[in-house]
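S.K.: Let me give you the structure first, and then I'll get to my questions.
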Amino acid sequence: MTLPDYWLHRPPASTSAALRERFDELLDGALMADPERPIDYRLEVPKWQFLCHAADRADFVLHGSGNPGITEFIPRQPPDLTDFGSRLAVFAATDGIWPMFYAILNRDSMPLSMCNGCVRAGDEVRYHFSISSPALKRQPWRTGTVYLLPSATFDLEPATGEIRSAQAASPVPVRPVAKLTVHPDEFPFPHDVHGHQDAELLARAAAVPDGFPWHEPES
């Protein structure tokens, strides 16, 4: 299945065995340290590559937040349009970039809606990021935290044909095992976040419920 061009591709990344070994050493050290202390990241490669590596190990899922002091995630029921996304659960991602968006987006600074996602289509990982246009104009970014959670209690969102969402949900509380501070300039798609009109987005979603992400044509 071919996704529309407005779905972003994951940027190229190094896949050398030496780098993967360094990632594993950093991750294993973080798991033996105090989970309330952020990972001391000093590698020369972008943080998103480390986070993607952690997610690809499959024993972790990732959650982004502006709150740096979370010690336990409690199931909540978000106002999502899908059955999976509206369940009472702790939500996380099987990807490293998607939770960075949630970590750096300051949703408390102004009213805004979001329309975003991360999917795997064959061997590709693709992204879509969109927030309310008035909020986007004000650049509502902040320093945030990406938490690493054990994946044992998480279910994956069912695939749709060849497309699998990176969303995962746990029906029970989860304690993070490590965390990493991330800054807005470390997010790999700072200029690729779209702006939408809330009323138009709601109208599109009502007219075509399965049409996610209801992307508006560029003007």
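Just remember, in the structure tokens the first chain shown is A, the second B, etc., residues are 1-based per chain, and ligands are 1-based in the order shown.
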Would you list the contacts of Trp48 of chain A as a ChimeraX atom specification, taking every protein, DNA or RNA residue within 8 Å and counting only C-alpha atoms, but skipping same-chain residues closer than 4 positions in sequence?

M.R.: /A:52,96-97,100,186-188

S.K.: Tell me, as an NGL selection string, which residues lie within 12 Å of Ser65 of chain A, counting only C-alpha atoms; anything in the same chain fewer than 2 positions away does not count.

M.R.: :A and (62-63 or 67-70 or 73 or 91-92 or 98-108 or 141-148 or 179-183)

S.K.: Generate a file of the selected residues that holds N, CA and C atoms, formatted as a compact mmCIF listing (two decimals), in the first residue's frame.

M.R.:
```txt
# COMPACT_ATOMS: atom_id res chain seq x y z
N LEU A 62 7.60 3.83 24.32
CA LEU A 62 8.02 5.16 24.73
C LEU A 62 6.83 6.10 24.85
N HIS A 63 6.91 7.00 25.82
CA HIS A 63 5.84 7.97 26.07
C HIS A 63 6.46 9.35 26.26
N ASN A 67 5.99 16.79 31.51
CA ASN A 67 6.22 16.62 32.94
C ASN A 67 7.46 15.75 33.14
N PRO A 68 8.53 16.28 33.70
CA PRO A 68 9.76 15.50 33.86
C PRO A 68 9.79 14.61 35.10
N GLY A 69 8.72 14.66 35.91
CA GLY A 69 8.76 13.96 37.20
C GLY A 69 7.76 12.84 37.37
N ILE A 70 7.32 12.21 36.29
CA ILE A 70 6.33 11.14 36.39
C ILE A 70 7.01 9.86 36.87
N PHE A 73 2.61 5.88 35.42
CA PHE A 73 1.57 6.27 34.48
C PHE A 73 0.29 5.51 34.80
N PHE A 91 -1.01 5.01 27.19
CA PHE A 91 -0.63 4.94 25.78
C PHE A 91 0.85 5.24 25.60
N ALA A 92 1.45 4.55 24.66
CA ALA A 92 2.86 4.73 24.36
C ALA A 92 3.09 4.36 22.90
N TRP A 98 7.93 9.67 17.32
CA TRP A 98 6.56 10.09 17.63
C TRP A 98 6.40 10.63 19.05
N PRO A 99 6.92 9.94 20.09
CA PRO A 99 6.76 10.48 21.45
C PRO A 99 7.52 11.78 21.69
N MET A 100 8.56 12.05 20.88
CA MET A 100 9.26 13.33 21.01
C MET A 100 8.32 14.49 20.71
N PHE A 101 7.40 14.29 19.76
CA PHE A 101 6.43 15.33 19.41
C PHE A 101 5.56 15.67 20.62
N TYR A 102 5.09 14.65 21.34
CA TYR A 102 4.27 14.88 22.53
C TYR A 102 5.09 15.52 23.64
N ALA A 103 6.37 15.18 23.70
CA ALA A 103 7.23 15.74 24.75
C ALA A 103 7.46 17.24 24.55
N ILE A 104 7.66 17.67 23.30
CA ILE A 104 8.03 19.07 23.07
C ILE A 104 6.84 19.97 22.78
N LEU A 105 5.65 19.42 22.58
CA LEU A 105 4.47 20.23 22.29
C LEU A 105 3.83 20.70 23.59
N ASN A 106 3.79 22.01 23.78
CA ASN A 106 3.23 22.58 25.01
C ASN A 106 1.73 22.78 24.83
N ARG A 107 0.96 21.76 25.18
CA ARG A 107 -0.49 21.83 25.03
C ARG A 107 -1.16 22.65 26.13
N ASP A 108 -0.40 23.01 27.16
CA ASP A 108 -0.97 23.81 28.25
C ASP A 108 -0.86 25.30 27.98
N TRP A 141 6.45 25.27 21.56
CA TRP A 141 7.39 24.20 21.87
C TRP A 141 8.01 24.39 23.25
N ARG A 142 8.47 23.32 23.83
CA ARG A 142 9.03 23.32 25.18
C ARG A 142 10.08 22.21 25.27
N THR A 143 10.85 22.22 26.34
CA THR A 143 11.69 21.07 26.67
C THR A 143 10.80 20.01 27.30
N GLY A 144 10.98 18.75 26.91
CA GLY A 144 10.14 17.67 27.41
C GLY A 144 10.94 16.44 27.78
N THR A 145 10.22 15.38 28.07
CA THR A 145 10.83 14.13 28.51
C THR A 145 10.21 12.95 27.77
N VAL A 146 11.05 12.06 27.30
CA VAL A 146 10.57 10.81 26.74
C VAL A 146 10.88 9.70 27.74
N TYR A 147 9.82 9.00 28.15
CA TYR A 147 9.94 7.93 29.13
C TYR A 147 10.01 6.58 28.43
N LEU A 148 10.85 5.70 28.95
CA LEU A 148 10.93 4.32 28.47
C LEU A 148 10.14 3.45 29.44
N LYS A 179 14.39 7.60 31.46
CA LYS A 179 13.83 8.76 30.76
C LYS A 179 14.95 9.58 30.17
N LEU A 180 14.60 10.33 29.13
CA LEU A 180 15.56 11.16 28.40
C LEU A 180 14.97 12.54 28.17
N THR A 181 15.69 13.57 28.52
CA THR A 181 15.27 14.94 28.26
C THR A 181 15.47 15.26 26.78
N VAL A 182 14.48 15.89 26.16
CA VAL A 182 14.58 16.26 24.75
C VAL A 182 14.19 17.73 24.59
N HIS A 183 14.86 18.39 23.65
CA HIS A 183 14.62 19.81 23.39
C HIS A 183 13.99 19.97 22.01
```

S.K.: With distances taken over only C-alpha atoms, which residue among A:Gly122, A:Pro11, A:Pro134, A:Pro35 lies nearest Gln197 of chain A?

M.R.: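 The closest residue to Gln197 of chain A is A:Pro134.
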
S.K.: Could you name the residues that touch Glu25 of chain A at 12 Å or less, counting only C-alpha atoms, but leaving out those on the same chain fewer than 2 positions away, as a list in words?

M.R.: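 Once the nearby chain positions are removed, what remains is Ala18, Leu19, Arg20, Glu21, Arg22, Phe23, Leu27, Asp28, Gly29, Ala30, Leu31, Met32, Ile39, Tyr41, Leu43, Phe50, His53 and Ala54 of chain A.
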
S.K.: Looking only at the backbone, which of the residues in chain A does DSSP tag as helix (DSSP H, G or I), as a ChimeraX atom specification?

M.R.: /A:17-32,47-56,98-104,133-137,184-186,198-207

S.K.: Limited to C-alpha atoms, could you put the picked residues into a file as a PDB file, in the first residue's frame?

M.R.:
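again15.pdb was written with the following content:
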```
ATOM      1  CA  ALA A  17      26.937  -2.577  14.588  1.00  0.00           C
ATOM      2  CA  ALA A  18      29.325  -0.345  16.528  1.00  0.00           C
ATOM      3  CA  LEU A  19      26.685   2.343  17.029  1.00  0.00           C
ATOM      4  CA  ARG A  20      24.045  -0.182  18.034  1.00  0.00           C
ATOM      5  CA  GLU A  21      26.470  -1.532  20.619  1.00  0.00           C
ATOM      6  CA  ARG A  22      27.006   1.962  22.035  1.00  0.00           C
ATOM      7  CA  PHE A  23      23.254   2.494  22.197  1.00  0.00           C
ATOM      8  CA  ASP A  24      22.838  -0.791  24.064  1.00  0.00           C
ATOM      9  CA  GLU A  25      25.595   0.114  26.515  1.00  0.00           C
ATOM     10  CA  LEU A  26      23.951   3.464  27.240  1.00  0.00           C
ATOM     11  CA  LEU A  27      20.534   1.859  27.572  1.00  0.00           C
ATOM     12  CA  ASP A  28      21.751  -0.960  29.817  1.00  0.00           C
ATOM     13  CA  GLY A  29      23.528   1.570  32.037  1.00  0.00           C
ATOM     14  CA  ALA A  30      20.361   3.653  32.290  1.00  0.00           C
ATOM     15  CA  LEU A  31      18.350   0.614  33.332  1.00  0.00           C
ATOM     16  CA  MET A  32      20.733  -0.013  36.221  1.00  0.00           C
ATOM     17  CA  LYS A  47      18.777  11.509  20.336  1.00  0.00           C
ATOM     18  CA  TRP A  48      15.982  10.355  18.042  1.00  0.00           C
ATOM     19  CA  GLN A  49      18.253   7.601  16.698  1.00  0.00           C
ATOM     20  CA  PHE A  50      18.885   6.307  20.219  1.00  0.00           C
ATOM     21  CA  LEU A  51      15.161   6.424  21.031  1.00  0.00           C
ATOM     22  CA  CYS A  52      14.284   4.579  17.822  1.00  0.00           C
ATOM     23  CA  HIS A  53      16.850   1.926  18.697  1.00  0.00           C
ATOM     24  CA  ALA A  54      15.322   1.536  22.161  1.00  0.00           C
ATOM     25  CA  ALA A  55      11.848   1.161  20.638  1.00  0.00           C
ATOM     26  CA  ASP A  56      13.084  -1.311  18.021  1.00  0.00           C
ATOM     27  CA  TRP A  98       6.561  10.095  17.625  1.00  0.00           C
ATOM     28  CA  PRO A  99       6.755  10.479  21.451  1.00  0.00           C
ATOM     29  CA  MET A 100       9.257  13.329  21.011  1.00  0.00           C
ATOM     30  CA  PHE A 101       6.432  15.330  19.414  1.00  0.00           C
ATOM     31  CA  TYR A 102       4.270  14.878  22.529  1.00  0.00           C
ATOM     32  CA  ALA A 103       7.230  15.744  24.750  1.00  0.00           C
ATOM     33  CA  ILE A 104       8.033  19.066  23.069  1.00  0.00           C
ATOM     34  CA  SER A 133      -3.067  26.694  12.918  1.00  0.00           C
ATOM     35  CA  PRO A 134      -3.342  29.544  15.477  1.00  0.00           C
ATOM     36  CA  ALA A 135      -1.228  27.526  17.912  1.00  0.00           C
ATOM     37  CA  LEU A 136       1.323  26.590  15.267  1.00  0.00           C
ATOM     38  CA  LYS A 137       1.885  30.263  14.446  1.00  0.00           C
ATOM     39  CA  PRO A 184      12.612  21.259  20.504  1.00  0.00           C
ATOM     40  CA  ASP A 185      15.682  21.580  18.278  1.00  0.00           C
ATOM     41  CA  GLU A 186      16.315  17.845  18.680  1.00  0.00           C
ATOM     42  CA  ASP A 198     -10.281  22.922  13.979  1.00  0.00           C
ATOM     43  CA  ALA A 199     -13.726  23.239  12.420  1.00  0.00           C
ATOM     44  CA  GLU A 200     -12.484  21.957   9.067  1.00  0.00           C
ATOM     45  CA  LEU A 201     -10.758  19.013  10.717  1.00  0.00           C
ATOM     46  CA  LEU A 202     -13.913  18.034  12.615  1.00  0.00           C
ATOM     47  CA  ALA A 203     -15.991  18.311   9.437  1.00  0.00           C
ATOM     48  CA  ARG A 204     -13.589  16.128   7.491  1.00  0.00           C
ATOM     49  CA  ALA A 205     -13.466  13.534  10.290  1.00  0.00           C
ATOM     50  CA  ALA A 206     -17.281  13.430  10.456  1.00  0.00           C
ATOM     51  CA  ALA A 207     -17.625  13.089   6.692  1.00  0.00           C
TER      52      ALA A 207
END
```

S.K.: Per residue of segment 7-30 of chain A within 12 Å of segment 192-195 of chain A, what are the shortest atom pair and its distance in Å to one decimal, counting only C-alpha atoms, with rows by chain and residue number, as a Markdown table?

M.R.:
```
| residue | atom | partner | partner_atom | distance |
| --- | --- | --- | --- | --- |
| A:Trp7 | CA | A:Asp192 | CA | 10.0 |
| A:Leu8 | CA | A:Asp192 | CA | 8.2 |
| A:His9 | CA | A:Asp192 | CA | 11.0 |
```

S.K.: What residues in segment 173-208 of chain A get the DSSP label strand (DSSP E or B)? Please answer as a list in words.

M.R.: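 Answer for segment 173-208 of chain A, restricted to strand (DSSP E or B): Val174, Ala178, Lys179, Leu180, Thr181, Val182, His194, Gly195 and His196 of chain A.
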
S.K.: Generate a file of the selected residues that holds N, CA and C atoms, formatted as a PDB file, in the first residue's frame.

M.R.:
```
ATOM      1  N   VAL A 174       1.761   1.705  34.780  1.00  0.00           N
ATOM      2  CA  VAL A 174       3.112   1.330  34.357  1.00  0.00           C
ATOM      3  C   VAL A 174       4.120   2.312  34.955  1.00  0.00           C
ATOM      4  N   ALA A 178      13.338   4.332  32.633  1.00  0.00           N
ATOM      5  CA  ALA A 178      14.362   5.314  32.282  1.00  0.00           C
ATOM      6  C   ALA A 178      13.671   6.483  31.594  1.00  0.00           C
ATOM      7  N   LYS A 179      14.385   7.602  31.456  1.00  0.00           N
ATOM      8  CA  LYS A 179      13.830   8.761  30.764  1.00  0.00           C
ATOM      9  C   LYS A 179      14.950   9.584  30.168  1.00  0.00           C
ATOM     10  N   LEU A 180      14.597  10.330  29.125  1.00  0.00           N
ATOM     11  CA  LEU A 180      15.562  11.156  28.404  1.00  0.00           C
ATOM     12  C   LEU A 180      14.969  12.539  28.166  1.00  0.00           C
ATOM     13  N   THR A 181      15.693  13.568  28.525  1.00  0.00           N
ATOM     14  CA  THR A 181      15.267  14.938  28.260  1.00  0.00           C
ATOM     15  C   THR A 181      15.473  15.258  26.780  1.00  0.00           C
ATOM     16  N   VAL A 182      14.477  15.886  26.160  1.00  0.00           N
ATOM     17  CA  VAL A 182      14.584  16.256  24.753  1.00  0.00           C
ATOM     18  C   VAL A 182      14.195  17.727  24.591  1.00  0.00           C
ATOM     19  N   HIS A 194       2.201  20.446  10.270  1.00  0.00           N
ATOM     20  CA  HIS A 194       1.155  21.158   9.538  1.00  0.00           C
ATOM     21  C   HIS A 194       0.246  21.907  10.509  1.00  0.00           C
ATOM     22  N   GLY A 195      -0.447  22.909   9.971  1.00  0.00           N
ATOM     23  CA  GLY A 195      -1.482  23.603  10.728  1.00  0.00           C
ATOM     24  C   GLY A 195      -2.850  23.314  10.133  1.00  0.00           C
ATOM     25  N   HIS A 196      -3.837  23.097  10.977  1.00  0.00           N
ATOM     26  CA  HIS A 196      -5.198  22.850  10.480  1.00  0.00           C
ATOM     27  C   HIS A 196      -6.184  23.772  11.189  1.00  0.00           C
TER      28      HIS A 196
END
```

S.K.: Suppose you want the space between atom CA of Ala33 of chain A and atom CA of Val177 of chain A; what is it in Å?

M.R.: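 Atom CA of Val177 of chain A lies 9.0 Å from atom CA of Ala33 of chain A.
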
S.K.: Show which residues sit within 7 Å of Ser151 of chain A, as a list in words. Count only C-alpha atoms, and ignore same-chain residues fewer than 2 positions away.

M.R.: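 Final neighbour list, sorted by chain and number: Asp59, Phe60, Val61, Leu149, Thr153 and Phe154 of chain A.
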
S.K.: I'd like the interatomic distance between atom CA of Arg175 of chain A and atom CA of Asp155 of chain A, to a tenth of an Å.

M.R.: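 For atom CA of Arg175 of chain A relative to atom CA of Asp155 of chain A, the distance reads 16.2 Å.
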
S.K.: Using Å and a single decimal, report how far atom CA of Ser170 of chain A sits from atom CA of Arg87 of chain A.

M.R.: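 Taking atom CA of Arg87 of chain A and atom CA of Ser170 of chain A, their separation equals 9.7 Å.
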